[in-house]
Amino acid sequence: LQLFIINRSGGLIYNQDLSLAAPRLDTNDWLRLGSTFHSLHAIAAQIAPIVSSGIEKLETDTLKLQSFQTRTGIKFVITAEAGTPFDLDEVLRSVYEAYTDLVLKNPFYELEQPISCQLFTDQVNRICASQAGGAKS
């Protein structure tokens with residue numbers, strides 16, 4: 001599992017490996033990944049034959065990608081191995097809730113800037129741990 005959050009201009013503002021099996025990316029790779037997804041998301045919204053908000057879900061033989069775009073344009077994206085028992089949509093919604101409670105209400109956070117709130121990171125880890133526990137039962 002990997003999570004990344006992209007601001008409305010396409011800049012990566014948060015990334016986290018949520019699994020030991022996740023490939024390790026350096027900072028430049030994360031930045032490229034965030035801006036590339038932002039661009040593909042915008043292109044998909046424009047060329048879709050029906051009204052679309054862009055890429056919401058992508059599944060291949062080896063990968064699942066789920067994204068959630070807020071009304072303000074912030075994109076929450078999570079990737080996982082195909083066949084993962086996690087409910088990725090539920091994880092993204094829970095992460096968004098944590099973002100609104102712990103990041104946006106933080107008086108020291110500036111919008112569109114990288115997120116460096118340890119409380120948020122801890123909550124993201126708890127969300128994934130609870131999903132892993134629920135998936136095992």
# chains A, B, ... in the order shown; residues from 1 in each chain; ligands from 1
$ residues_around --residues "range 82-85 of chain A" --least-positions-apart "4" --cutoff "7 Å" --atoms "only C-alpha atoms" --output "NGL selection string"
:A and (61-64 or 135)
$ write_last_selection --atoms "C-alpha atoms" --output "mmCIF file, in the first residue's frame"
data_model
loop_
_atom_site.group_PDB
_atom_site.id
_atom_site.type_symbol
_atom_site.label_atom_id
_atom_site.label_comp_id
_atom_site.auth_asym_id
_atom_site.auth_seq_id
_atom_site.Cartn_x
_atom_site.Cartn_y
_atom_site.Cartn_z
ATOM 1 C CA ASP A 61 -3.393 -7.839 -12.959
ATOM 2 C CA THR A 62 -0.898 -6.654 -10.341
ATOM 3 C CA LEU A 63 -2.120 -3.235 -9.142
ATOM 4 C CA LYS A 64 -5.167 -1.467 -7.784
ATOM 5 C CA ALA A 135 -9.691 -7.814 6.535
#
$ select_by_dssp --residues "chain A" --states "helix (DSSP H, G or I)" --output "ChimeraX atom specification"
/A:27-47,88-103,118-136
$ residues_around --residues "range 122-127 of chain A" --least-positions-apart "5" --cutoff "8 Å" --atoms "only C-alpha atoms" --output "list of chain:residue names"
A:Leu18, A:Val91, A:Ser94, A:Val95, A:Ala98
$ write_last_selection --atoms "N, CA, C and O atoms" --output "CSV table (one decimal), in the first residue's frame"
chain,number,residue,atom,x,y,z
A,18,LEU,N,2.6,2.5,3.2
A,18,LEU,CA,1.8,1.9,4.2
A,18,LEU,C,2.0,0.4,4.4
A,18,LEU,O,1.3,-0.2,5.2
A,91,VAL,N,-10.8,3.4,3.0
A,91,VAL,CA,-9.5,3.9,3.5
A,91,VAL,C,-9.3,5.4,3.1
A,91,VAL,O,-9.0,6.2,3.9
A,94,SER,N,-11.6,7.7,5.0
A,94,SER,CA,-11.1,7.8,6.4
A,94,SER,C,-9.9,8.7,6.5
A,94,SER,O,-9.8,9.6,7.4
A,95,VAL,N,-9.0,8.6,5.5
A,95,VAL,CA,-7.8,9.5,5.4
A,95,VAL,C,-8.3,10.9,5.2
A,95,VAL,O,-7.7,11.9,5.8
A,98,ALA,N,-9.5,12.3,8.4
A,98,ALA,CA,-8.3,12.7,9.2
A,98,ALA,C,-7.7,14.0,8.7
A,98,ALA,O,-7.2,14.8,9.5
$ residues_around --residues "range 4-9 of chain A" --least-positions-apart "4" --cutoff "6 Å" --atoms "only C-alpha atoms" --output "mmCIF file with N, CA and C atoms, in the first residue's frame"
data_model
loop_
_atom_site.group_PDB
_atom_site.id
_atom_site.type_symbol
_atom_site.label_atom_id
_atom_site.label_comp_id
_atom_site.auth_asym_id
_atom_site.auth_seq_id
_atom_site.Cartn_x
_atom_site.Cartn_y
_atom_site.Cartn_z
ATOM 1 N N ILE A 13 1.853 16.806 -1.887
ATOM 2 C CA ILE A 13 1.938 17.416 -0.561
ATOM 3 C C ILE A 13 2.065 16.387 0.550
ATOM 4 N N TYR A 14 1.887 15.096 0.211
ATOM 5 C CA TYR A 14 2.054 14.052 1.233
ATOM 6 C C TYR A 14 2.239 12.719 0.541
ATOM 7 N N ASN A 15 3.115 11.905 1.078
ATOM 8 C CA ASN A 15 3.259 10.533 0.605
ATOM 9 C C ASN A 15 3.686 9.654 1.765
ATOM 10 N N GLY A 73 -10.392 20.190 -5.000
ATOM 11 C CA GLY A 73 -9.385 19.769 -5.967
ATOM 12 C C GLY A 73 -8.232 18.964 -5.408
ATOM 13 N N ILE A 74 -8.223 18.717 -4.112
ATOM 14 C CA ILE A 74 -7.173 17.893 -3.519
ATOM 15 C C ILE A 74 -7.453 16.441 -3.893
ATOM 16 N N LYS A 75 -6.418 15.726 -4.344
ATOM 17 C CA LYS A 75 -6.586 14.326 -4.736
ATOM 18 C C LYS A 75 -5.897 13.420 -3.734
ATOM 19 N N PHE A 76 -6.631 12.441 -3.242
ATOM 20 C CA PHE A 76 -6.107 11.411 -2.357
ATOM 21 C C PHE A 76 -6.011 10.142 -3.201
ATOM 22 N N VAL A 77 -4.822 9.560 -3.267
ATOM 23 C CA VAL A 77 -4.597 8.398 -4.127
ATOM 24 C C VAL A 77 -3.950 7.298 -3.299
ATOM 25 N N GLU A 112 -2.103 24.025 0.434
ATOM 26 C CA GLU A 112 -1.301 23.712 -0.750
ATOM 27 C C GLU A 112 0.157 23.391 -0.435
#
$ residues_around --residues "Thr79 in chain A" --least-positions-apart "4" --cutoff "6 Å" --atoms "only C-alpha atoms" --output "short mmCIF file (atom, residue, chain, number, x, y, z; two decimals) with all heavy atoms, in the first residue's frame"
data_model
loop_
_atom_site.label_atom_id
_atom_site.label_comp_id
_atom_site.auth_asym_id
_atom_site.auth_seq_id
_atom_site.Cartn_x
_atom_site.Cartn_y
_atom_site.Cartn_z
N LEU A 1 0.83 -1.19 0.00
CA LEU A 1 0.00 0.00 0.00
C LEU A 1 0.87 1.25 0.00
O LEU A 1 1.86 1.31 0.71
CB LEU A 1 -0.85 0.05 1.27
CG LEU A 1 -2.03 -0.89 1.41
CD1 LEU A 1 -2.59 -0.82 2.81
CD2 LEU A 1 -3.08 -0.56 0.41
N GLN A 2 0.47 2.21 -0.79
CA GLN A 2 1.11 3.52 -0.80
C GLN A 2 0.02 4.57 -0.91
O GLN A 2 -0.97 4.39 -1.62
CB GLN A 2 2.08 3.67 -1.97
CG GLN A 2 3.28 2.76 -1.85
CD GLN A 2 4.20 2.88 -3.04
OE1 GLN A 2 3.76 2.79 -4.17
NE2 GLN A 2 5.47 3.08 -2.78
N LYS A 64 -3.90 -2.19 -7.94
CA LYS A 64 -5.17 -1.47 -7.78
C LYS A 64 -4.82 -0.04 -7.40
O LYS A 64 -3.98 0.19 -6.54
CB LYS A 64 -6.02 -2.09 -6.68
CG LYS A 64 -6.67 -3.39 -7.07
CD LYS A 64 -7.39 -4.01 -5.88
CE LYS A 64 -8.69 -3.33 -5.60
NZ LYS A 64 -9.49 -4.04 -4.57
N LEU A 65 -5.45 0.92 -8.05
CA LEU A 65 -5.28 2.33 -7.72
C LEU A 65 -6.67 2.91 -7.52
O LEU A 65 -7.56 2.69 -8.34
CB LEU A 65 -4.56 3.05 -8.86
CG LEU A 65 -4.33 4.55 -8.66
CD1 LEU A 65 -3.00 4.95 -9.25
CD2 LEU A 65 -5.44 5.38 -9.26
#
$ atom_distance --atom1 "CA of Leu92 in chain A" --atom2 "CA of Ser67 in chain A"
7.5 Å
$ select_by_dssp --residues "chain A" --states "strand (DSSP E)" --output "list of chain:residue names"
A:Gln2, A:Leu3, A:Phe4, A:Ile5, A:Ile6, A:Leu12, A:Ile13, A:Tyr14, A:Asn15, A:Gln16, A:Asp17, A:Lys57, A:Leu58, A:Glu59, A:Leu63, A:Lys64, A:Leu65, A:Gln66, A:Ser67, A:Phe68, A:Gln69, A:Lys75, A:Phe76, A:Val77, A:Ile78, A:Thr79, A:Ala80, A:Glu81
$ write_last_selection --atoms "N, CA and C atoms" --output "mmCIF file, in the first residue's frame"
data_model
loop_
_atom_site.group_PDB
_atom_site.id
_atom_site.type_symbol
_atom_site.label_atom_id
_atom_site.label_comp_id
_atom_site.auth_asym_id
_atom_site.auth_seq_id
_atom_site.Cartn_x
_atom_site.Cartn_y
_atom_site.Cartn_z
ATOM 1 N N GLN A 2 0.468 2.211 -0.793
ATOM 2 C CA GLN A 2 1.111 3.519 -0.798
ATOM 3 C C GLN A 2 0.017 4.572 -0.909
ATOM 4 N N LEU A 3 0.208 5.658 -0.192
ATOM 5 C CA LEU A 3 -0.750 6.760 -0.200
ATOM 6 C C LEU A 3 -0.027 8.015 -0.629
ATOM 7 N N PHE A 4 -0.670 8.788 -1.499
ATOM 8 C CA PHE A 4 -0.141 10.118 -1.772
ATOM 9 C C PHE A 4 -1.285 11.093 -1.957
ATOM 10 N N ILE A 5 -1.005 12.345 -1.603
ATOM 11 C CA ILE A 5 -1.989 13.424 -1.681
ATOM 12 C C ILE A 5 -1.406 14.507 -2.575
ATOM 13 N N ILE A 6 -2.228 14.961 -3.521
ATOM 14 C CA ILE A 6 -1.787 15.933 -4.516
ATOM 15 C C ILE A 6 -2.642 17.186 -4.375
ATOM 16 N N LEU A 12 2.817 17.368 -5.147
ATOM 17 C CA LEU A 12 2.710 16.337 -4.119
ATOM 18 C C LEU A 12 2.851 16.994 -2.752
ATOM 19 N N ILE A 13 1.853 16.806 -1.887
ATOM 20 C CA ILE A 13 1.938 17.416 -0.561
ATOM 21 C C ILE A 13 2.065 16.387 0.550
ATOM 22 N N TYR A 14 1.887 15.096 0.211
ATOM 23 C CA TYR A 14 2.054 14.052 1.233
ATOM 24 C C TYR A 14 2.239 12.719 0.541
ATOM 25 N N ASN A 15 3.115 11.905 1.078
ATOM 26 C CA ASN A 15 3.259 10.533 0.605
ATOM 27 C C ASN A 15 3.686 9.654 1.765
ATOM 28 N N GLN A 16 3.221 8.403 1.721
ATOM 29 C CA GLN A 16 3.580 7.472 2.781
ATOM 30 C C GLN A 16 3.472 6.042 2.262
ATOM 31 N N ASP A 17 4.507 5.266 2.547
ATOM 32 C CA ASP A 17 4.442 3.832 2.315
ATOM 33 C C ASP A 17 3.657 3.242 3.474
ATOM 34 N N LYS A 57 -10.703 4.925 -10.374
ATOM 35 C CA LYS A 57 -10.247 3.583 -10.063
ATOM 36 C C LYS A 57 -9.531 3.020 -11.277
ATOM 37 N N LEU A 58 -8.437 2.309 -11.006
ATOM 38 C CA LEU A 58 -7.672 1.675 -12.061
ATOM 39 C C LEU A 58 -7.228 0.320 -11.534
ATOM 40 N N GLU A 59 -7.520 -0.735 -12.271
ATOM 41 C CA GLU A 59 -7.138 -2.070 -11.829
ATOM 42 C C GLU A 59 -6.408 -2.793 -12.958
ATOM 43 N N LEU A 63 -1.991 -4.504 -9.860
ATOM 44 C CA LEU A 63 -2.120 -3.235 -9.142
ATOM 45 C C LEU A 63 -3.561 -2.779 -9.067
ATOM 46 N N LYS A 64 -3.899 -2.188 -7.936
ATOM 47 C CA LYS A 64 -5.167 -1.467 -7.784
ATOM 48 C C LYS A 64 -4.824 -0.036 -7.397
ATOM 49 N N LEU A 65 -5.454 0.921 -8.050
ATOM 50 C CA LEU A 65 -5.280 2.326 -7.720
ATOM 51 C C LEU A 65 -6.668 2.909 -7.523
ATOM 52 N N GLN A 66 -6.842 3.626 -6.441
ATOM 53 C CA GLN A 66 -8.127 4.271 -6.145
ATOM 54 C C GLN A 66 -7.823 5.724 -5.817
ATOM 55 N N SER A 67 -8.633 6.635 -6.357
ATOM 56 C CA SER A 67 -8.428 8.048 -6.044
ATOM 57 C C SER A 67 -9.744 8.677 -5.609
ATOM 58 N N PHE A 68 -9.599 9.732 -4.855
ATOM 59 C CA PHE A 68 -10.744 10.487 -4.359
ATOM 60 C C PHE A 68 -10.377 11.960 -4.468
ATOM 61 N N GLN A 69 -11.173 12.718 -5.223
ATOM 62 C CA GLN A 69 -10.912 14.145 -5.369
ATOM 63 C C GLN A 69 -11.943 14.924 -4.575
ATOM 64 N N LYS A 75 -6.418 15.726 -4.344
ATOM 65 C CA LYS A 75 -6.586 14.326 -4.736
ATOM 66 C C LYS A 75 -5.897 13.420 -3.734
ATOM 67 N N PHE A 76 -6.631 12.441 -3.242
ATOM 68 C CA PHE A 76 -6.107 11.411 -2.357
ATOM 69 C C PHE A 76 -6.011 10.142 -3.201
ATOM 70 N N VAL A 77 -4.822 9.560 -3.267
ATOM 71 C CA VAL A 77 -4.597 8.398 -4.127
ATOM 72 C C VAL A 77 -3.950 7.298 -3.299
ATOM 73 N N ILE A 78 -4.465 6.085 -3.458
ATOM 74 C CA ILE A 78 -3.878 4.936 -2.768
ATOM 75 C C ILE A 78 -3.663 3.831 -3.791
ATOM 76 N N THR A 79 -2.534 3.147 -3.670
ATOM 77 C CA THR A 79 -2.246 2.011 -4.536
ATOM 78 C C THR A 79 -2.080 0.778 -3.660
ATOM 79 N N ALA A 80 -2.416 -0.369 -4.226
ATOM 80 C CA ALA A 80 -2.298 -1.637 -3.495
ATOM 81 C C ALA A 80 -2.089 -2.759 -4.503
ATOM 82 N N GLU A 81 -1.642 -3.890 -3.996
ATOM 83 C CA GLU A 81 -1.521 -5.067 -4.842
ATOM 84 C C GLU A 81 -2.921 -5.522 -5.248
#
$ closest_residue --among "A:Leu119, A:Ala45, A:Ser35, A:Asp87" --to "Leu102 in chain A" --atoms "only C-alpha atoms"
A:Leu119
$ atom_distance --atom1 "CA of Gln131 in chain A" --atom2 "CA of Thr72 in chain A"
26.7 Å
